[in-house]
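So the structure is just underneath, and the comments pick up after that.
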Amino acid sequence: MEAILEHGALTVALTGHIDSSNAPAAEAELMAIRDREPHEAMVLDLKDLTYISSAGLRIVLRLRKLEPELKLVNASAEVYEILDMTGFTEMMPVEKAYRTISIEGCEVIGRGANGTVYRIDQDTVVKVYRSQDCLPDVQRERELARKAFVLGIPTAIPYDVVRVGDSFGSVFELLNSRSFSKLIAANPQDMDHYVGLYVDLMQKIHATHVKEGDLPSIRSFADSCVLYAKKELPEALGAKVEAMVNAIPDTDTMLHGDFHTNNIVMQNDEVLILDMDTLCVGHPIFELGSMYMAFVGFGELDPTVPEAFLKLPYAVTTSIWEKTLLRYASGDEALAARTGDRARIICYLRLLRRSLRRGGRDNPESRAWIELCLTRLTELLPRVDALYE
Amino acid sequence: MTITKEAAGTALTLSLQGRLDTNTAPQLEAALKDALSGVTALTLDFEGLEYISSAGLRVLLSAQKVMKKQGTMVIRHVNPTIMEVFEVTGFSDFLTIE
């Protein structure tokens with residue numbers, strides 16, 4: 001019987017077929033390991049367990065009396081079914097083994113920063129992550145997508161997490177859709193229509209209330225941006241921006257966090273949203289700040305940056321931003337102008353933080369960004385007195 | 001997808017056959033929109049349903065919202081594949097499935 005002690009948790013592997021013929025020997029061995037290795041918690045790894053009879057289940061029950069926090073992991077579908085039917089899954093934590101799938105010969109339908117998306121069958125795709133230590137990120141993204149889905153946000157169904165070779169992947173529903181970036185590129189005359197749908201979805205997200213603790217808050221990120229800005233700005237402006245960011249109300253409404261036209265797609269007449277890994281809660285001004293960044297801000301030093309990312313001319317991405325802003329302000333031009341200034345401040349605070357963390361002044365590119373952000377903030381901050389309406 | 005309606009007083013049963021996906025979800029949405037007024041017990045019979053997509057789940061979500069205000073909504077005869085979808089999405093936590 002293999003045993004591993006890690007961070008106080010003793011993991012013992014049960015293997016093969018456990019029934020009345022070998023249960024007493026297995027129990028004796030298990031208890032001997034338990035007595036030998038001092039530990040705080042115990043886990044049974046069922047990866048190589050093919051069958052367990054009632055005699056085997058009784059060992060688990062006796063062990064649990066001694067180890068109230070006992071957890072079972074890596075149960076195969078067959079073993080999980082036995083544990084489920086006998087009520088064990090309600091008595092103690094039981095984790096299923098990840099299904100293993102092969103992507104050999106599967107069509108690649110997208111490549112992103114963190115991984116590649118493959119089509120597995122008629123109805124599903126798998127997003128395979130590049131890094132081997134990605135499991136926490138995969139589980140996190142899946143959990144966020146699941147919360148959004150249940151709250152009524154139109155997105156693809158997040159199915160299970162699977163093992164793919166040495167890495168992990170997330171299985172999603174296959175959408176037969178086109179991104180808004182592609183739709184606007186193909187039908188520039190319909191831009192107002194698409195912007196209308198885009199803003200409707202954004203307002204739906206910003207009107208979705210989230211139970212406390214269900215999603216991370218944007219607040220700690222905002223605080224971090226302020227800390228960087230205070231080091232770089234003249235004292236009075238640093239203090240002003242700190243006070244203004246602190247005054248933004250912590251609303252309990254959802255933010256997507258990466259709401260640009262590559263992530264918004266259309267399937268038949270339905271508008272859907274992808275990529276839930278930046279989902280959080282907070283005031284909508286933070287969403288508008290990140291949108292300004294995607295459509296305009298990233299292009300302020302070099303317009304080809306947003307052009308390459310969104311596959312649209314800079315004049316078009318700038319126009320999407322302006323139309324979005326006006327529509328979001330229900331046509332009120334003065335309100336749109338105020339909101340635009342606020343969004344730009346949020347954008348430059350983010351870009352400043354990012355440039356200071358990536359390269360700082362030693363790197364010519366990030367130095368240029370730092371200078372640009374400071375120039376813009378020095379111009380904007382004196383004439384803006386609040387970051388929300 | 002085929003939808004069969006059966007009404008008895010304020011009880012309504014809709015039996016679905018085929019695939020509830022992005023192409024057919026609007027059909028169910030329309031059927032519910034027309035029929036839910038005054039209904040206090042809605043039953044969705046999934047015996048003949050083979051597949052459900054996110055578009056289908058969203059229709060269930062909005063039907064559930066309506067029925068929560070005016071009565072009950074029960075889903076019957078869910079096959080294992082669709083049950084798995086309800087479980088992984090967390091829908092099984094708030095739908096009444098028999």
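Just so we're on the same page: first chain in the structure tokens is A, next is B, and so on; residues restart at 1 for each chain, and ligands are numbered from 1 in the order they show up.
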
Which polymer residues have any atom within 10 Å of an atom of Tyr51 (chain B), counting only C-alpha atoms, with same-chain residues fewer than 6 positions away left out, as JSON, numbers by chain? {"A": [123], "B": [17, 18, 19, 20, 21, 79, 81, 82, 85]}

Can you pull out the residues contacting Ser15 (chain B)? Cut-off 7 Å, using only C-alpha atoms, and skip same-chain residues under 4 positions away; I want them as number ranges by chain. B: 3-5, 44-46

Those selected residues, please, written with N, CA and C atoms and delivered as a tab-separated table (two decimals), in the first residue's frame.
chain	number	residue	atom	x	y	z
B	3	ILE	N	-43.21	19.50	-29.52
B	3	ILE	CA	-43.76	19.82	-28.20
B	3	ILE	C	-45.23	19.39	-28.18
B	4	THR	N	-45.59	18.56	-27.20
B	4	THR	CA	-46.99	18.17	-27.05
B	4	THR	C	-47.54	18.81	-25.79
B	5	LYS	N	-48.65	19.55	-25.96
B	5	LYS	CA	-49.24	20.25	-24.81
B	5	LYS	C	-50.45	19.49	-24.29
B	44	LEU	N	-42.74	19.55	-17.16
B	44	LEU	CA	-42.03	19.37	-18.43
B	44	LEU	C	-41.61	17.91	-18.48
B	45	ASP	N	-42.12	17.20	-19.46
B	45	ASP	CA	-41.79	15.78	-19.57
B	45	ASP	C	-40.65	15.62	-20.57
B	46	PHE	N	-39.51	15.14	-20.08
B	46	PHE	CA	-38.29	15.05	-20.91
B	46	PHE	C	-38.06	13.64	-21.43

Quick one: contact table of chain B to chain A, 7 Å max, nearest atom pair and distance in Å to one decimal per residue, counting only C-alpha atoms, chain and number order, as a tab-separated table?
residue	atom	partner	partner_atom	distance
B:Ser54	CA	A:Ile157	CA	5.5
B:Arg58	CA	A:Gly152	CA	6.7
B:Val88	CA	A:Tyr159	CA	5.9
B:Thr89	CA	A:Arg146	CA	5.8
B:Gly90	CA	A:Val150	CA	6.9
B:Phe91	CA	A:Val150	CA	6.9

Residue list (strand (DSSP E or B), DSSP) for region 21-194 of chain A, as number ranges by chain: A: 41-45, 49-52, 71-75, 94-96, 99-100, 107-111, 115-119, 124-129, 158-164, 167-173, 178-179

Serialized selection, C-alpha atoms, as a PDB file, in the first residue's frame:
ATOM      1  CA  ALA A  41      -5.751  14.634   7.962  1.00  0.00           C
ATOM      2  CA  MET A  42      -6.171  11.504   5.895  1.00  0.00           C
ATOM      3  CA  VAL A  43      -7.030  10.959   2.233  1.00  0.00           C
ATOM      4  CA  LEU A  44      -7.717   7.691   0.442  1.00  0.00           C
ATOM      5  CA  ASP A  45      -6.581   7.730  -3.177  1.00  0.00           C
ATOM      6  CA  LEU A  49      -9.175   0.809  -7.090  1.00  0.00           C
ATOM      7  CA  THR A  50     -11.347  -1.186  -9.484  1.00  0.00           C
ATOM      8  CA  TYR A  51     -13.956  -2.613  -7.104  1.00  0.00           C
ATOM      9  CA  ILE A  52     -14.933  -2.355  -3.451  1.00  0.00           C
ATOM     10  CA  LYS A  71     -11.635  12.427   2.099  1.00  0.00           C
ATOM     11  CA  LEU A  72     -11.756  10.044  -0.884  1.00  0.00           C
ATOM     12  CA  VAL A  73     -10.226  11.158  -4.177  1.00  0.00           C
ATOM     13  CA  ASN A  74      -9.793   9.916  -7.751  1.00  0.00           C
ATOM     14  CA  ALA A  75     -12.795   7.580  -7.716  1.00  0.00           C
ATOM     15  CA  VAL A  94     -15.685  12.013  -2.517  1.00  0.00           C
ATOM     16  CA  GLU A  95     -13.942  13.421  -5.588  1.00  0.00           C
ATOM     17  CA  LYS A  96     -14.298  11.753  -8.959  1.00  0.00           C
ATOM     18  CA  ARG A  99     -12.013  11.744 -17.267  1.00  0.00           C
ATOM     19  CA  THR A 100      -9.128  11.357 -19.722  1.00  0.00           C
ATOM     20  CA  GLU A 107      -9.894  20.130 -35.246  1.00  0.00           C
ATOM     21  CA  VAL A 108      -8.283  23.212 -33.673  1.00  0.00           C
ATOM     22  CA  ILE A 109     -10.882  25.966 -33.526  1.00  0.00           C
ATOM     23  CA  GLY A 110      -9.053  28.624 -31.561  1.00  0.00           C
ATOM     24  CA  ARG A 111      -5.796  29.554 -29.883  1.00  0.00           C
ATOM     25  CA  GLY A 115      -4.402  27.390 -24.304  1.00  0.00           C
ATOM     26  CA  THR A 116      -5.885  25.874 -27.409  1.00  0.00           C
ATOM     27  CA  VAL A 117      -9.519  25.024 -28.127  1.00  0.00           C
ATOM     28  CA  TYR A 118     -10.284  21.745 -29.913  1.00  0.00           C
ATOM     29  CA  ARG A 119     -13.571  20.439 -31.182  1.00  0.00           C
ATOM     30  CA  THR A 124     -18.557  20.070 -27.381  1.00  0.00           C
ATOM     31  CA  VAL A 125     -15.114  21.638 -27.408  1.00  0.00           C
ATOM     32  CA  VAL A 126     -12.223  21.322 -24.972  1.00  0.00           C
ATOM     33  CA  LYS A 127      -9.983  24.201 -23.958  1.00  0.00           C
ATOM     34  CA  VAL A 128      -6.611  22.637 -23.212  1.00  0.00           C
ATOM     35  CA  TYR A 129      -4.306  24.735 -21.093  1.00  0.00           C
ATOM     36  CA  PRO A 158     -19.181  24.628 -18.770  1.00  0.00           C
ATOM     37  CA  TYR A 159     -19.065  20.820 -18.598  1.00  0.00           C
ATOM     38  CA  ASP A 160     -16.341  18.918 -16.752  1.00  0.00           C
ATOM     39  CA  VAL A 161     -12.617  19.271 -16.221  1.00  0.00           C
ATOM     40  CA  VAL A 162     -10.690  16.525 -18.031  1.00  0.00           C
ATOM     41  CA  ARG A 163      -7.171  15.209 -18.226  1.00  0.00           C
ATOM     42  CA  VAL A 164      -5.532  15.631 -21.641  1.00  0.00           C
ATOM     43  CA  SER A 167      -2.196  18.710 -18.953  1.00  0.00           C
ATOM     44  CA  PHE A 168      -5.811  19.526 -18.127  1.00  0.00           C
ATOM     45  CA  GLY A 169      -8.684  20.916 -20.101  1.00  0.00           C
ATOM     46  CA  SER A 170     -12.164  22.295 -19.641  1.00  0.00           C
ATOM     47  CA  VAL A 171     -15.010  20.937 -21.741  1.00  0.00           C
ATOM     48  CA  PHE A 172     -17.496  23.515 -22.997  1.00  0.00           C
ATOM     49  CA  GLU A 173     -20.537  23.448 -25.191  1.00  0.00           C
ATOM     50  CA  ARG A 178     -19.211  34.497 -34.921  1.00  0.00           C
ATOM     51  CA  SER A 179     -17.562  37.174 -32.800  1.00  0.00           C
TER      52      SER A 179
END

Which residues come within 12 Å of Gly38 (chain B), counting only C-alpha atoms, excluding same-chain residues fewer than 3 positions away, as a ChimeraX atom specification? /B:7-12,32-35,41-42,66-67,69-72

Can you tell me how far CA of Leu335 (chain A) sits from CA of Arg383 (chain A), in Å to one decimal?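 Between CA of Leu335 (chain A) and CA of Arg383 (chain A) the gap is 14.7 Å.
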
Quick one: pull the distance between CA of Lys211 (chain A) and CA of Glu141 (chain A), Å, one decimal.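 Going from CA of Lys211 (chain A) over to CA of Glu141 (chain A) covers 17.9 Å.
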
So that I can see what lies close to Thr96 (chain B), please list as number ranges by chain the residues with an atom at most 8 Å from it, counting only C-alpha atoms and leaving out residues fewer than 5 positions away in the same chain. B: 73-75

Any idea what's packed within 8 Å of Ile59 (chain A), counting only C-alpha atoms, ignoring anything in its chain fewer than 4 positions away? Could you give it as a count of residues only? 4

Check the DSSP output for the backbone and give back, as a PyMOL selection string, the residues of region 6-94 of chain B in helix (DSSP H, G or I). chain B and resi 25-35+54-70+80-89+91-93

Expected file contents, prior selection, N, CA and C atoms, as a compact mmCIF listing (two decimals), in the first residue's frame:
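Okay, again.txt is ready:
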# COMPACT_ATOMS: atom_id res chain seq x y z
N ALA B 25 -34.81 26.06 -29.16
CA ALA B 25 -35.15 26.74 -27.89
C ALA B 25 -36.19 27.85 -28.09
N PRO B 26 -36.08 28.67 -29.15
CA PRO B 26 -37.10 29.71 -29.35
C PRO B 26 -38.52 29.14 -29.46
N GLN B 27 -38.63 27.92 -29.99
CA GLN B 27 -39.92 27.24 -30.13
C GLN B 27 -40.54 26.97 -28.74
N LEU B 28 -39.72 26.47 -27.82
CA LEU B 28 -40.21 26.22 -26.46
C LEU B 28 -40.52 27.54 -25.75
N GLU B 29 -39.66 28.52 -25.97
CA GLU B 29 -39.86 29.83 -25.36
C GLU B 29 -41.22 30.40 -25.78
N ALA B 30 -41.51 30.29 -27.06
CA ALA B 30 -42.78 30.81 -27.58
C ALA B 30 -43.96 30.02 -27.01
N ALA B 31 -43.80 28.69 -26.95
CA ALA B 31 -44.88 27.84 -26.44
C ALA B 31 -45.19 28.19 -24.98
N LEU B 32 -44.14 28.46 -24.20
CA LEU B 32 -44.34 28.78 -22.79
C LEU B 32 -44.96 30.16 -22.63
N LYS B 33 -44.50 31.07 -23.46
CA LYS B 33 -44.99 32.44 -23.38
C LYS B 33 -46.52 32.48 -23.58
N ASP B 34 -46.97 31.68 -24.55
CA ASP B 34 -48.40 31.66 -24.85
C ASP B 34 -49.21 30.95 -23.77
N ALA B 35 -48.58 29.95 -23.12
CA ALA B 35 -49.39 29.02 -22.34
C ALA B 35 -49.32 29.22 -20.83
N SER B 54 -27.13 25.16 -24.04
CA SER B 54 -27.23 26.32 -23.15
C SER B 54 -28.48 27.14 -23.46
N ALA B 55 -28.83 27.23 -24.74
CA ALA B 55 -30.03 27.99 -25.10
C ALA B 55 -31.25 27.35 -24.45
N GLY B 56 -31.31 26.03 -24.42
CA GLY B 56 -32.40 25.31 -23.78
C GLY B 56 -32.42 25.55 -22.29
N LEU B 57 -31.24 25.51 -21.68
CA LEU B 57 -31.17 25.75 -20.23
C LEU B 57 -31.64 27.15 -19.87
N ARG B 58 -31.34 28.11 -20.74
CA ARG B 58 -31.77 29.48 -20.44
C ARG B 58 -33.29 29.61 -20.50
N VAL B 59 -33.93 28.86 -21.39
CA VAL B 59 -35.39 28.88 -21.43
C VAL B 59 -35.95 28.28 -20.13
N LEU B 60 -35.33 27.19 -19.65
CA LEU B 60 -35.78 26.60 -18.39
C LEU B 60 -35.61 27.59 -17.23
N LEU B 61 -34.50 28.31 -17.26
CA LEU B 61 -34.22 29.27 -16.21
C LEU B 61 -35.30 30.36 -16.17
N SER B 62 -35.70 30.86 -17.34
CA SER B 62 -36.72 31.92 -17.30
C SER B 62 -38.10 31.36 -16.98
N ALA B 63 -38.38 30.11 -17.42
CA ALA B 63 -39.67 29.49 -17.05
C ALA B 63 -39.73 29.29 -15.53
N GLN B 64 -38.60 28.88 -14.97
CA GLN B 64 -38.54 28.66 -13.52
C GLN B 64 -38.81 29.97 -12.77
N LYS B 65 -38.28 31.08 -13.31
CA LYS B 65 -38.49 32.40 -12.68
C LYS B 65 -39.97 32.76 -12.68
N VAL B 66 -40.64 32.51 -13.82
CA VAL B 66 -42.07 32.82 -13.92
C VAL B 66 -42.87 31.93 -12.96
N MET B 67 -42.57 30.62 -12.98
CA MET B 67 -43.36 29.67 -12.20
C MET B 67 -43.16 29.85 -10.69
N LYS B 68 -41.98 30.34 -10.31
CA LYS B 68 -41.71 30.57 -8.89
C LYS B 68 -42.73 31.57 -8.32
N LYS B 69 -43.18 32.50 -9.18
CA LYS B 69 -44.13 33.52 -8.73
C LYS B 69 -45.56 32.98 -8.70
N GLN B 70 -45.86 32.02 -9.60
CA GLN B 70 -47.28 31.65 -9.73
C GLN B 70 -47.59 30.19 -9.43
N PRO B 80 -30.11 10.11 -18.40
CA PRO B 80 -28.83 10.30 -17.68
C PRO B 80 -27.94 11.38 -18.30
N THR B 81 -27.94 11.50 -19.62
CA THR B 81 -27.09 12.51 -20.27
C THR B 81 -27.52 13.92 -19.87
N ILE B 82 -28.82 14.15 -19.91
CA ILE B 82 -29.32 15.49 -19.56
C ILE B 82 -29.19 15.73 -18.05
N MET B 83 -29.37 14.66 -17.27
CA MET B 83 -29.19 14.78 -15.81
C MET B 83 -27.77 15.24 -15.50
N GLU B 84 -26.82 14.67 -16.23
CA GLU B 84 -25.40 15.04 -16.06
C GLU B 84 -25.22 16.55 -16.34
N VAL B 85 -25.90 17.03 -17.39
CA VAL B 85 -25.81 18.47 -17.73
C VAL B 85 -26.40 19.31 -16.59
N PHE B 86 -27.55 18.88 -16.06
CA PHE B 86 -28.15 19.61 -14.93
C PHE B 86 -27.19 19.63 -13.74
N GLU B 87 -26.49 18.50 -13.53
CA GLU B 87 -25.61 18.43 -12.38
C GLU B 87 -24.36 19.29 -12.56
N VAL B 88 -23.69 19.17 -13.72
CA VAL B 88 -22.45 19.95 -13.87
C VAL B 88 -22.72 21.45 -13.92
N THR B 89 -23.88 21.85 -14.38
CA THR B 89 -24.16 23.29 -14.46
C THR B 89 -24.71 23.85 -13.16
N PHE B 91 -27.75 23.33 -12.23
CA PHE B 91 -29.20 23.48 -12.39
C PHE B 91 -29.97 22.51 -11.49
N SER B 92 -29.35 21.35 -11.20
CA SER B 92 -30.06 20.38 -10.36
C SER B 92 -30.27 20.93 -8.95
N ASP B 93 -29.51 21.97 -8.56
CA ASP B 93 -29.68 22.53 -7.22
C ASP B 93 -30.98 23.33 -7.08

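The closest residue to Phe298 (chain A), picked from A:Arg350, A:His256, A:Lys182, A:Lys323 and counting only C-alpha atoms, is A:Arg350.
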